[in-house]
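K.L.:
Attaching a single structure in structure tokens format; questions to follow.
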Amino acid sequence: MADTAIEADEAVAPGRSGPRGAVVVGPSDVAAAVVAALRAAGAVVATAESGADLAGAAEQAGLAGQVDLVVHAPYTPGSTAPCAVADLAPEEWDRLAEEPVRHGLAALQGAYPLLRATGGSFVLVAPSVAIEGGAGLVPLATASESLRALAKSAARRWARDGIAVHLLAPTVFALDAEAEALRGTDVDRSEAALGADSMSAEAAADVVLLLCAPGARHLTGSTFALDGGALMLP
């Protein structure tokens, strides 16, 4: 009889090369799509609302010492509603721009001991406004770029421990239905080379699985823009 969730899973699907145990953090549509894709691929997946709950979620799912993937895919309600920085109250700036960074730091701190034990991967999902900005989206862009900087620093330091850190930057429309109000604005990449299917939450989940493939062991610290080929970073 299998003693752990991982062993029970391997009895059904021996020799699988993808992630075996994963924790997905965050309430975004991308997080939900990643959970579904990982489970369809045979992984045992725990979910957590915030980084502070990460270790507890892994233990409750029977994954202690067996987590080889952590995905942080946050979304703050209201963060895609355009606003003027001059009109933001300090507490609203904290909620939209600073609190997400604290949550991201907690996710990185919680993930490190789990991934160090397995040589696993951490994937941060932050919208592409982190790279290019967006009119009226200064708090979201600030939080996203700050998270990206944290993840790149972690990638450099954690490589010696065998941990890879990847950054996935989908359009805001992949995060939550609230973002649909931004259609027709400067963040709506209607000129993308690929279709809308390549900018969805499900597409983001596909790329997360790609970053878990054996060949991805040669990568760390890079940002992968999932905008249908609109930005095409140099």
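Ordering of the structure tokens sets the chain letters (A, B, ...); residue numbers start at 1 within each chain; ligands are numbered from 1 in the order shown.
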What's the 12 Å shell around His166 (chain A), counting only C-alpha atoms, without same-chain residues fewer than 4 positions away, as a ChimeraX atom specification?
P.N.:
/A:69-72,120-126,147-156,158-159,207-212,216-225
K.L.:
Got a sec to tell me which of region 46-109 of chain A DSSP assigns to strand (DSSP E or B), as a list in words?
P.N.:
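Strand (DSSP E or B) members of region 46-109 of chain A, listed: Ala46, Thr47, Ala48, Leu69, Val70, Val71 and His72 of chain A.
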K.L.:
With N, CA and C atoms retained, write the just-selected residues as a PDB file, in the first residue's frame.
P.N.:
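Result file result_7.pdb:
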```pdb
ATOM      1  N   ALA A  46      -1.681  20.827  -4.413  1.00  0.00           N
ATOM      2  CA  ALA A  46      -2.280  21.517  -3.279  1.00  0.00           C
ATOM      3  C   ALA A  46      -2.478  22.973  -3.666  1.00  0.00           C
ATOM      4  N   THR A  47      -3.479  23.616  -3.107  1.00  0.00           N
ATOM      5  CA  THR A  47      -3.729  25.023  -3.396  1.00  0.00           C
ATOM      6  C   THR A  47      -3.669  25.840  -2.118  1.00  0.00           C
ATOM      7  N   ALA A  48      -3.256  27.091  -2.269  1.00  0.00           N
ATOM      8  CA  ALA A  48      -3.159  28.003  -1.132  1.00  0.00           C
ATOM      9  C   ALA A  48      -3.616  29.379  -1.573  1.00  0.00           C
ATOM     10  N   LEU A  69       7.275  21.762  -7.612  1.00  0.00           N
ATOM     11  CA  LEU A  69       6.807  22.940  -8.344  1.00  0.00           C
ATOM     12  C   LEU A  69       5.948  23.805  -7.441  1.00  0.00           C
ATOM     13  N   VAL A  70       6.237  25.101  -7.428  1.00  0.00           N
ATOM     14  CA  VAL A  70       5.371  26.088  -6.787  1.00  0.00           C
ATOM     15  C   VAL A  70       5.040  27.139  -7.834  1.00  0.00           C
ATOM     16  N   VAL A  71       3.760  27.426  -7.993  1.00  0.00           N
ATOM     17  CA  VAL A  71       3.304  28.459  -8.926  1.00  0.00           C
ATOM     18  C   VAL A  71       2.594  29.539  -8.124  1.00  0.00           C
ATOM     19  N   HIS A  72       3.059  30.778  -8.267  1.00  0.00           N
ATOM     20  CA  HIS A  72       2.412  31.913  -7.600  1.00  0.00           C
ATOM     21  C   HIS A  72       1.721  32.740  -8.672  1.00  0.00           C
TER      22      HIS A  72
END
```
K.L.:
So which residues touch Thr185 (chain A) within 12 Å, counting only C-alpha atoms, skipping near sequence neighbours fewer than 2 positions away, as a list in words?
P.N.:
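My list of contacting residues is Thr80, Ala81, Pro82, Gly134, Ala135, Gly136, Leu137, Val172, Phe173, Ala179, Glu180, Ala181, Leu182, Arg183, Val187, Asp188, Arg189 and Ser190 of chain A.
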K.L.:
Convert the current residue selection to file output with C-alpha atoms, as a PDB file, in the first residue's frame.
P.N.:
```pdb
ATOM      1  CA  THR A  80      -7.399  46.161 -13.348  1.00  0.00           C
ATOM      2  CA  ALA A  81      -9.723  49.137 -12.810  1.00  0.00           C
ATOM      3  CA  PRO A  82      -7.990  52.243 -14.250  1.00  0.00           C
ATOM      4  CA  GLY A 134      -0.599  50.595 -18.878  1.00  0.00           C
ATOM      5  CA  ALA A 135      -2.580  53.812 -18.692  1.00  0.00           C
ATOM      6  CA  GLY A 136      -4.292  54.041 -15.310  1.00  0.00           C
ATOM      7  CA  LEU A 137      -2.719  50.794 -14.099  1.00  0.00           C
ATOM      8  CA  VAL A 172      -4.176  41.168 -17.892  1.00  0.00           C
ATOM      9  CA  PHE A 173      -7.122  39.456 -19.593  1.00  0.00           C
ATOM     10  CA  ALA A 179     -10.024  42.884 -16.846  1.00  0.00           C
ATOM     11  CA  GLU A 180     -12.545  42.684 -19.705  1.00  0.00           C
ATOM     12  CA  ALA A 181     -13.371  46.326 -18.936  1.00  0.00           C
ATOM     13  CA  LEU A 182      -9.947  47.174 -20.412  1.00  0.00           C
ATOM     14  CA  ARG A 183     -10.866  45.981 -23.911  1.00  0.00           C
ATOM     15  CA  VAL A 187      -3.286  47.150 -22.915  1.00  0.00           C
ATOM     16  CA  ASP A 188      -5.601  45.362 -25.364  1.00  0.00           C
ATOM     17  CA  ARG A 189      -3.146  43.747 -27.756  1.00  0.00           C
ATOM     18  CA  SER A 190      -5.529  43.224 -30.652  1.00  0.00           C
TER      19      SER A 190
END
```
K.L.:
What's around region 54-59 of chain A at 8 Å? Count only C-alpha atoms, leave out sequence neighbours fewer than 3 positions away in its own chain, and write the answer as a PyMOL selection string.
P.N.:
chain A and resi 22-23+25+46-48+50-51+62-64+67+107+110-111+114
K.L.:
In Å, how far is it from CA of Leu233 (chain A) to CA of Ala169 (chain A)?
P.N.:
11.6 Å
K.L.:
Which polymer residues have any atom within 9 Å of an atom of Arg116 (chain A), counting only C-alpha atoms, with same-chain residues fewer than 6 positions away left out, as a list in words?
P.N.:
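Those residues are Asp68, Trp158, Asp161, Gly162 and Ile163 of chain A.
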K.L.:
Suppose we keep C-alpha atoms; can you now write the selection as an mmCIF file, in the first residue's frame?
P.N.:
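Output file again.cif is given in full below:
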```cif
data_model
loop_
_atom_site.group_PDB
_atom_site.id
_atom_site.type_symbol
_atom_site.label_atom_id
_atom_site.label_comp_id
_atom_site.auth_asym_id
_atom_site.auth_seq_id
_atom_site.Cartn_x
_atom_site.Cartn_y
_atom_site.Cartn_z
ATOM 1 C CA ASP A 68 8.877 20.009 -7.034
ATOM 2 C CA TRP A 158 18.740 29.836 -5.653
ATOM 3 C CA ASP A 161 20.541 25.014 -4.655
ATOM 4 C CA GLY A 162 19.220 23.536 -7.888
ATOM 5 C CA ILE A 163 16.057 25.658 -7.894
#
```
K.L.:
Report the distance between CA of Gly26 (chain A) and CA of Ala174 (chain A) in Å, rounded to one decimal place.
P.N.:
13.5 Å
K.L.:
Pick from A:Ser146, A:Arg102, A:Glu132, A:Ala73: nearest to Ala33 (chain A), with only C-alpha atoms counted?
P.N.:
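Result for the nearest residue to Ala33 (chain A): A:Ala73.
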K.L.:
Mind checking which residues fall within 6 Å of Asp227 (chain A), counting only C-alpha atoms, ignoring those fewer than 4 positions away in the same chain, and posting them as a VMD selection string?
P.N.:
chain A and resid 170 to 171 199
K.L.:
If you run DSSP over the backbone, which residues in region 32-124 of chain A end up alpha helix (DSSP H)? Put them as JSON, numbers by chain.
P.N.:
{"A": [32, 33, 34, 35, 36, 37, 38, 39, 40, 54, 55, 56, 57, 58, 59, 60, 90, 91, 92, 93, 99, 100, 101, 102, 103, 104, 105, 106, 107, 108, 109, 110, 111, 112, 113, 114, 115, 116]}
K.L.:
Between CA of Val85 (chain A) and CA of Leu168 (chain A), measure the distance and give it in Å to one decimal.
P.N.:
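Computed distance, CA of Val85 (chain A) to CA of Leu168 (chain A), equals 26.2 Å.
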K.L.:
Measuring between only C-alpha atoms, which one of A:Leu88, A:Ala52, A:Ala204, A:Ala106 shows the shortest distance to Ala32 (chain A)?
P.N.:
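Looking only at the distances to Ala32 (chain A), the closest residue turns out to be A:Ala204.
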K.L.:
Excluding Val101 (chain A) and residues on its chain fewer than 3 positions from it, collect all residues at most 6 Å away from it, counting only C-alpha atoms, and give them as a PyMOL selection string.
P.N.:
chain A and resi 98+104+143+147
K.L.:
Filtering to N, CA and C atoms, could you give me those residues as a short mmCIF file (atom, residue, chain, number, x, y, z; two decimals), in the first residue's frame?
P.N.:
```
data_model
loop_
_atom_site.label_atom_id
_atom_site.label_comp_id
_atom_site.auth_asym_id
_atom_site.auth_seq_id
_atom_site.Cartn_x
_atom_site.Cartn_y
_atom_site.Cartn_z
N GLU A 98 1.39 47.47 -2.85
CA GLU A 98 2.38 46.99 -1.89
C GLU A 98 2.02 45.64 -1.27
N GLY A 104 3.86 38.10 -2.38
CA GLY A 104 4.83 37.41 -3.24
C GLY A 104 6.09 37.03 -2.49
N ALA A 143 3.30 46.77 -8.67
CA ALA A 143 3.34 45.50 -7.94
C ALA A 143 3.95 44.40 -8.80
N LEU A 147 7.42 42.34 -8.10
CA LEU A 147 7.44 40.88 -7.98
C LEU A 147 8.44 40.27 -8.95
#
```
